[in-house]
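Take a look at the structure set out below.
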Amino acid sequence: MIRTVLFDLDGTLLPMDQEIFVRQYLNDLAQTMAPYGYDPAALIRTVWEGTRAMTENAGITSNETVFWKCFTEKLQRERIQEEPRFQQFYEREFQRLKDVCGYNPMAAQTVRELKAMGLKLVLATNPLFPAIATQSRVRWAGLEPEDFEWITTYENSAFCKPNPDYYREILDKLSLEAGECLMVGNDAQEDLAAEALGMQVFLLTDCLIHRGEEDLSVYPQGSFPELLRWIRSGAA
């Protein structure tokens, strides 16, 4: 029996073309930081390096610490001075990125219907962003952070998808049983990785990302109406 549903965010609850979103995000960040003496190309390169460091995090410390260690060492900057500037960026310029995202009212409706069914909900988005950026994207999807029991961010996570330890960390923190969890996401490699721990999975195909050649037809899949029907039918 499914007691907890884990949702991915980008491309799942929040429709988007990930390449367009990331490109605009990095361009806006570079332009915002240029007056503080940042070389745009060097800044973007370092953000990518910090992101890669987070995806390789082995759980010794938080993704937040891993990112800032890489960032400050590469650019010879002090975190205590630079972090407030990034915070201000997420409060202001980052909010314009809502315009490059889509909106699907069925996403919020599905979350609310599952809550009404008594299911626990977790936002299992790849924890590469600070909470302020993740919470903003939740609101762009027509939801509130309070709709979820837990939201993974770079502050509270020490692993990233598709590392199975990312999902194991969620299970441990929330005292969940893998067999009672369903992971819903649009990325075949990152989100279906939850299956390795014994979770059930559902592939949301509206903004499907599939980098490999695996046959995905063996997985339950579709859009939000299909997801709701699948859960209600008892197939989960």
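So you can find residues: chains in the structure tokens are A, B, ... in the order shown, residues in each start at 1, and ligands are numbered from 1 in order.
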Can you list, as a list in words, every protein, DNA or RNA residue that comes within 9 Å of Gly102 of chain A when you count only C-alpha atoms, leaving out same-chain residues fewer than 3 positions away?
-> Leu14, Pro15, Met16, Asp17, Lys98, Asp99, Trp140 and Ala141 of chain A
Please produce an output containing N, CA, C and O atoms for each residue in the selection, written as a PDB file, in the first residue's frame.
ATOM      1  N   LEU A  14       6.240  21.283 -12.182  1.00  0.00           N
ATOM      2  CA  LEU A  14       6.452  22.559 -12.881  1.00  0.00           C
ATOM      3  C   LEU A  14       6.936  22.275 -14.296  1.00  0.00           C
ATOM      4  O   LEU A  14       8.104  21.920 -14.490  1.00  0.00           O
ATOM      5  N   PRO A  15       6.074  22.422 -15.298  1.00  0.00           N
ATOM      6  CA  PRO A  15       6.496  22.136 -16.677  1.00  0.00           C
ATOM      7  C   PRO A  15       7.595  23.095 -17.113  1.00  0.00           C
ATOM      8  O   PRO A  15       7.533  24.294 -16.847  1.00  0.00           O
ATOM      9  N   MET A  16       8.598  22.544 -17.778  1.00  0.00           N
ATOM     10  CA  MET A  16       9.671  23.406 -18.293  1.00  0.00           C
ATOM     11  C   MET A  16      10.511  22.644 -19.294  1.00  0.00           C
ATOM     12  O   MET A  16      10.560  21.412 -19.285  1.00  0.00           O
ATOM     13  N   ASP A  17      11.166  23.403 -20.152  1.00  0.00           N
ATOM     14  CA  ASP A  17      12.267  22.878 -20.954  1.00  0.00           C
ATOM     15  C   ASP A  17      13.520  23.142 -20.126  1.00  0.00           C
ATOM     16  O   ASP A  17      13.921  24.294 -19.954  1.00  0.00           O
ATOM     17  N   LYS A  98      10.076  32.547 -13.836  1.00  0.00           N
ATOM     18  CA  LYS A  98       8.724  31.976 -13.921  1.00  0.00           C
ATOM     19  C   LYS A  98       8.204  32.065 -15.347  1.00  0.00           C
ATOM     20  O   LYS A  98       7.446  31.199 -15.800  1.00  0.00           O
ATOM     21  N   ASP A  99       8.626  33.108 -16.076  1.00  0.00           N
ATOM     22  CA  ASP A  99       8.122  33.336 -17.429  1.00  0.00           C
ATOM     23  C   ASP A  99       8.619  32.308 -18.430  1.00  0.00           C
ATOM     24  O   ASP A  99       8.038  32.179 -19.518  1.00  0.00           O
ATOM     25  N   TRP A 140       5.397  28.739  -8.189  1.00  0.00           N
ATOM     26  CA  TRP A 140       5.115  28.892  -9.616  1.00  0.00           C
ATOM     27  C   TRP A 140       4.224  27.749 -10.117  1.00  0.00           C
ATOM     28  O   TRP A 140       3.485  27.914 -11.083  1.00  0.00           O
ATOM     29  N   ALA A 141       4.317  26.606  -9.458  1.00  0.00           N
ATOM     30  CA  ALA A 141       3.508  25.450  -9.855  1.00  0.00           C
ATOM     31  C   ALA A 141       2.102  25.507  -9.269  1.00  0.00           C
ATOM     32  O   ALA A 141       1.298  24.588  -9.479  1.00  0.00           O
TER      33      ALA A 141
END
Where in segment 113-156 of chain A does DSSP assign alpha helix (DSSP H), given as a list in words?
->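 Reading the DSSP output for segment 113-156 of chain A, alpha helix (DSSP H) covers Glu113, Leu114, Lys115, Ala116, Ala131, Ile132, Ala133, Thr134, Gln135, Ser136, Arg137, Val138, Arg139 and Trp140 of chain A.
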Closest to Gly50 of chain A among A:Ala116, A:Leu128, A:Ile80, A:Thr110, using only C-alpha atoms?
->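 Closest to Gly50 of chain A, using only C-alpha atoms: A:Leu128.
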Using only C-alpha atoms, determine which residues lie at most 12 Å from Ile44 of chain A, disregarding the query and same-chain residues fewer than 6 positions distant; provide the list as an MDAnalysis selection string.
-> chainID A and resid 22:34 38 50:51 71 74:75
Extract, using only C-alpha atoms, all DNA, RNA and protein residues at most 12 Å from Glu144 of chain A, discarding same-chain residues fewer than 3 positions from it, and format them as a PyMOL selection string.
-> chain A and resi 13+108+111-112+123+134-141+147-151
Put those residues in a file: all heavy atoms, as a short mmCIF file (atom, residue, chain, number, x, y, z; two decimals), in the first residue's frame.
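result-v1.cif, written as the output of this step:
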data_model
loop_
_atom_site.label_atom_id
_atom_site.label_comp_id
_atom_site.auth_asym_id
_atom_site.auth_seq_id
_atom_site.Cartn_x
_atom_site.Cartn_y
_atom_site.Cartn_z
N LEU A 13 6.00 18.65 -11.55
CA LEU A 13 4.96 19.57 -11.07
C LEU A 13 5.03 20.91 -11.78
O LEU A 13 4.01 21.61 -11.92
CB LEU A 13 5.09 19.77 -9.55
CG LEU A 13 4.83 18.54 -8.69
CD1 LEU A 13 5.09 18.86 -7.21
CD2 LEU A 13 3.42 18.01 -8.88
N ALA A 108 -1.15 20.93 -9.33
CA ALA A 108 -1.61 21.31 -8.00
C ALA A 108 -2.87 20.54 -7.61
O ALA A 108 -3.03 20.13 -6.46
CB ALA A 108 -1.87 22.81 -7.94
N VAL A 111 -1.87 17.07 -6.44
CA VAL A 111 -1.29 17.11 -5.10
C VAL A 111 -2.39 17.24 -4.05
O VAL A 111 -2.38 16.53 -3.03
CB VAL A 111 -0.28 18.28 -4.99
CG1 VAL A 111 0.08 18.56 -3.53
CG2 VAL A 111 0.98 17.96 -5.79
N ARG A 112 -3.33 18.11 -4.29
CA ARG A 112 -4.40 18.32 -3.30
C ARG A 112 -5.31 17.09 -3.17
O ARG A 112 -5.77 16.75 -2.08
CB ARG A 112 -5.21 19.57 -3.68
CG ARG A 112 -4.37 20.85 -3.58
CD ARG A 112 -5.15 22.10 -3.88
NE ARG A 112 -4.27 23.25 -3.77
CZ ARG A 112 -3.92 24.03 -4.79
NH1 ARG A 112 -4.37 23.79 -6.00
NH2 ARG A 112 -3.09 25.06 -4.61
N LEU A 123 8.44 16.52 -1.55
CA LEU A 123 8.98 17.10 -2.77
C LEU A 123 10.43 16.64 -2.91
O LEU A 123 11.31 17.14 -2.22
CB LEU A 123 8.91 18.63 -2.75
CG LEU A 123 9.24 19.27 -4.10
CD1 LEU A 123 8.13 19.01 -5.10
CD2 LEU A 123 9.48 20.76 -3.96
N THR A 134 13.95 26.90 -4.44
CA THR A 134 13.05 25.76 -4.56
C THR A 134 11.64 26.14 -4.16
O THR A 134 10.66 25.80 -4.84
CB THR A 134 13.55 24.59 -3.69
OG1 THR A 134 14.90 24.27 -4.08
CG2 THR A 134 12.67 23.37 -3.86
N GLN A 135 11.50 26.88 -3.08
CA GLN A 135 10.17 27.31 -2.64
C GLN A 135 9.51 28.22 -3.68
O GLN A 135 8.28 28.16 -3.87
CB GLN A 135 10.27 28.01 -1.29
CG GLN A 135 10.66 27.07 -0.16
CD GLN A 135 11.05 27.80 1.11
OE1 GLN A 135 11.04 29.03 1.16
NE2 GLN A 135 11.40 27.04 2.14
N SER A 136 10.29 29.04 -4.34
CA SER A 136 9.74 29.90 -5.39
C SER A 136 9.16 29.05 -6.51
O SER A 136 8.04 29.30 -6.99
CB SER A 136 10.83 30.82 -5.95
OG SER A 136 11.22 31.78 -4.99
N ARG A 137 9.88 28.03 -6.93
CA ARG A 137 9.41 27.18 -8.03
C ARG A 137 8.18 26.38 -7.62
O ARG A 137 7.32 26.10 -8.45
CB ARG A 137 10.54 26.28 -8.53
CG ARG A 137 11.74 27.08 -9.02
CD ARG A 137 12.72 26.33 -9.87
NE ARG A 137 13.04 24.99 -9.45
CZ ARG A 137 13.86 24.65 -8.46
NH1 ARG A 137 14.44 25.60 -7.74
NH2 ARG A 137 14.12 23.38 -8.19
N VAL A 138 8.10 26.02 -6.35
CA VAL A 138 6.89 25.36 -5.85
C VAL A 138 5.68 26.29 -6.05
O VAL A 138 4.62 25.86 -6.52
CB VAL A 138 7.05 24.98 -4.36
CG1 VAL A 138 5.70 24.58 -3.76
CG2 VAL A 138 8.07 23.87 -4.20
N ARG A 139 5.84 27.54 -5.71
CA ARG A 139 4.74 28.51 -5.85
C ARG A 139 4.40 28.74 -7.31
O ARG A 139 3.22 28.95 -7.65
CB ARG A 139 5.09 29.81 -5.14
CG ARG A 139 5.22 29.63 -3.61
CD ARG A 139 5.42 30.96 -2.90
NE ARG A 139 5.45 30.77 -1.46
CZ ARG A 139 6.58 30.71 -0.74
NH1 ARG A 139 7.77 30.87 -1.33
NH2 ARG A 139 6.52 30.51 0.57
N TRP A 140 5.40 28.74 -8.19
CA TRP A 140 5.11 28.89 -9.62
C TRP A 140 4.22 27.75 -10.12
O TRP A 140 3.48 27.91 -11.08
CB TRP A 140 6.40 28.91 -10.43
CG TRP A 140 7.34 30.02 -10.08
CD1 TRP A 140 7.09 31.13 -9.33
CD2 TRP A 140 8.71 30.14 -10.49
NE1 TRP A 140 8.20 31.91 -9.22
CE2 TRP A 140 9.23 31.35 -9.93
CE3 TRP A 140 9.56 29.35 -11.25
CZ2 TRP A 140 10.54 31.76 -10.13
CZ3 TRP A 140 10.87 29.75 -11.45
CH2 TRP A 140 11.36 30.96 -10.90
N ALA A 141 4.32 26.61 -9.46
CA ALA A 141 3.51 25.45 -9.86
C ALA A 141 2.10 25.51 -9.27
O ALA A 141 1.30 24.59 -9.48
CB ALA A 141 4.20 24.15 -9.41
N ASP A 147 2.52 22.36 1.50
CA ASP A 147 1.79 21.22 0.95
C ASP A 147 2.58 19.92 1.10
O ASP A 147 2.02 18.84 0.89
CB ASP A 147 1.47 21.45 -0.53
CG ASP A 147 0.40 22.51 -0.74
OD1 ASP A 147 -0.56 22.55 0.06
OD2 ASP A 147 0.53 23.32 -1.68
N PHE A 148 3.86 20.04 1.45
CA PHE A 148 4.73 18.86 1.50
C PHE A 148 5.29 18.65 2.91
O PHE A 148 5.60 19.61 3.62
CB PHE A 148 5.88 19.02 0.51
CG PHE A 148 5.42 19.20 -0.91
CD1 PHE A 148 5.23 20.47 -1.44
CD2 PHE A 148 5.14 18.10 -1.70
CE1 PHE A 148 4.78 20.64 -2.74
CE2 PHE A 148 4.68 18.26 -3.00
CZ PHE A 148 4.50 19.53 -3.52
N GLU A 149 5.43 17.39 3.27
CA GLU A 149 6.01 17.04 4.56
C GLU A 149 7.50 17.35 4.60
O GLU A 149 8.05 17.66 5.66
CB GLU A 149 5.80 15.54 4.84
CG GLU A 149 4.36 15.09 4.86
CD GLU A 149 3.79 15.07 6.25
OE1 GLU A 149 4.58 15.10 7.21
OE2 GLU A 149 2.55 15.01 6.38
N TRP A 150 8.14 17.27 3.44
CA TRP A 150 9.58 17.49 3.36
C TRP A 150 9.92 17.95 1.96
O TRP A 150 9.32 17.50 0.98
CB TRP A 150 10.32 16.19 3.69
CG TRP A 150 11.82 16.29 3.74
CD1 TRP A 150 12.71 15.82 2.80
CD2 TRP A 150 12.63 16.87 4.77
NE1 TRP A 150 13.99 16.08 3.18
CE2 TRP A 150 13.98 16.72 4.39
CE3 TRP A 150 12.31 17.50 5.98
CZ2 TRP A 150 15.03 17.18 5.18
CZ3 TRP A 150 13.36 17.96 6.77
CH2 TRP A 150 14.70 17.80 6.37
N ILE A 151 10.86 18.87 1.86
CA ILE A 151 11.36 19.36 0.57
C ILE A 151 12.87 19.25 0.59
O ILE A 151 13.52 19.82 1.48
CB ILE A 151 10.93 20.82 0.32
CG1 ILE A 151 9.41 20.92 0.24
CG2 ILE A 151 11.58 21.35 -0.96
CD1 ILE A 151 8.90 22.36 0.06
#
Atom CA of Lys120 of chain A to atom CA of Val5 of chain A, distance in Å rounded to a single decimal = 6.3 Å
Selected residue, from A:Glu64, A:Ala133, A:Ser157, A:Leu203, that lies nearest to Glu226 of chain A when counting only C-alpha atoms |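 That would be A:Leu203, the residue with the smallest distance to Glu226 of chain A.
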Selection: 10 Å around Glu180 of chain A, only C-alpha atoms, excl. self and same-chain fewer than 3 positions, as a PyMOL selection string | chain A and resi 1-5+176-177+198-200+236
Pull N, CA and C atoms from the residues just selected and write them as a CSV table (one decimal), in the first residue's frame.
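Generated file (part.csv):
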chain,number,residue,atom,x,y,z
A,1,MET,N,0.8,-1.2,0.0
A,1,MET,CA,0.0,0.0,0.0
A,1,MET,C,0.9,1.3,0.0
A,2,ILE,N,0.5,2.2,-0.9
A,2,ILE,CA,1.3,3.4,-0.9
A,2,ILE,C,0.8,4.4,0.2
A,3,ARG,N,1.7,4.8,1.0
A,3,ARG,CA,1.4,5.8,2.0
A,3,ARG,C,2.0,7.2,1.8
A,4,THR,N,3.1,7.2,1.0
A,4,THR,CA,3.9,8.4,0.7
A,4,THR,C,4.1,8.5,-0.8
A,5,VAL,N,3.9,9.7,-1.3
A,5,VAL,CA,4.2,10.0,-2.7
A,5,VAL,C,5.3,11.0,-2.8
A,176,LEU,N,10.5,6.3,6.6
A,176,LEU,CA,9.6,5.7,5.7
A,176,LEU,C,10.1,4.4,5.3
A,177,GLU,N,9.1,3.5,4.9
A,177,GLU,CA,9.4,2.2,4.3
A,177,GLU,C,9.4,2.4,2.8
A,198,GLY,N,13.5,-0.2,-3.8
A,198,GLY,CA,12.2,-0.9,-3.5
A,198,GLY,C,11.0,0.0,-3.6
A,199,MET,N,11.2,1.3,-4.0
A,199,MET,CA,10.1,2.2,-4.2
A,199,MET,C,9.4,1.8,-5.5
A,200,GLN,N,8.1,2.1,-5.6
A,200,GLN,CA,7.4,2.1,-6.8
A,200,GLN,C,7.6,3.4,-7.5
A,236,ALA,N,-1.2,0.7,-7.5
A,236,ALA,CA,0.0,1.0,-6.7
A,236,ALA,C,0.1,0.1,-5.5
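Neighbouring residues of Gly212 of chain A at 12 Å or closer, counting only C-alpha atoms and skipping chain neighbours under 4 positions away, are Asp187, Ala188, Gln189, Glu190 and Leu216 of chain A.
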Which value, in Å to one decimal, gives the distance between atom CA of Gly179 of chain A and atom CA of Gly118 of chain A?
-> 17.1 Å
As a count of residues only, which residues of segment 33-233 of chain A does DSSP assign to strand (DSSP E)?
-> 18
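Coordinates place atom CA of Gly222 of chain A at a distance of 5.3 Å from atom CA of Thr205 of chain A.
The shortest atom-to-atom distance to Glu214 of chain A, with only C-alpha atoms taken into account, belongs to A:Leu192 out of A:Ala158, A:Leu228, A:Leu192, A:Ala41.
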Quick one: everything within 12 Å of Phe67 of chain A, counting only C-alpha atoms, minus sequence neighbours fewer than 6 positions away in the same chain. Send it as a list in words.
->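 Answer for this query is Thr46, Val47, Trp48, Glu49, Gly50, Thr51, Arg52, Ala53, Met54, Thr55, Glu56, Asn57, Thr61, Glu73, Lys74, Arg79, Glu83, Pro127, Leu128, Phe129, Pro130, Tyr154, Glu155, Ser157 and Ala158 of chain A.
Between Asp8 of chain A and the residues A:Ile60, A:Met183, A:Val100, A:Ala194, the shortest atom-to-atom distance, using only C-alpha atoms, involves A:Met183.
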Pick the closest to Tyr103 of chain A from A:Asn63, A:Ser233, A:Ser223, A:Thr12: which is it, counting only C-alpha atoms?
->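 Closest to Tyr103 of chain A of all the choices is A:Thr12.
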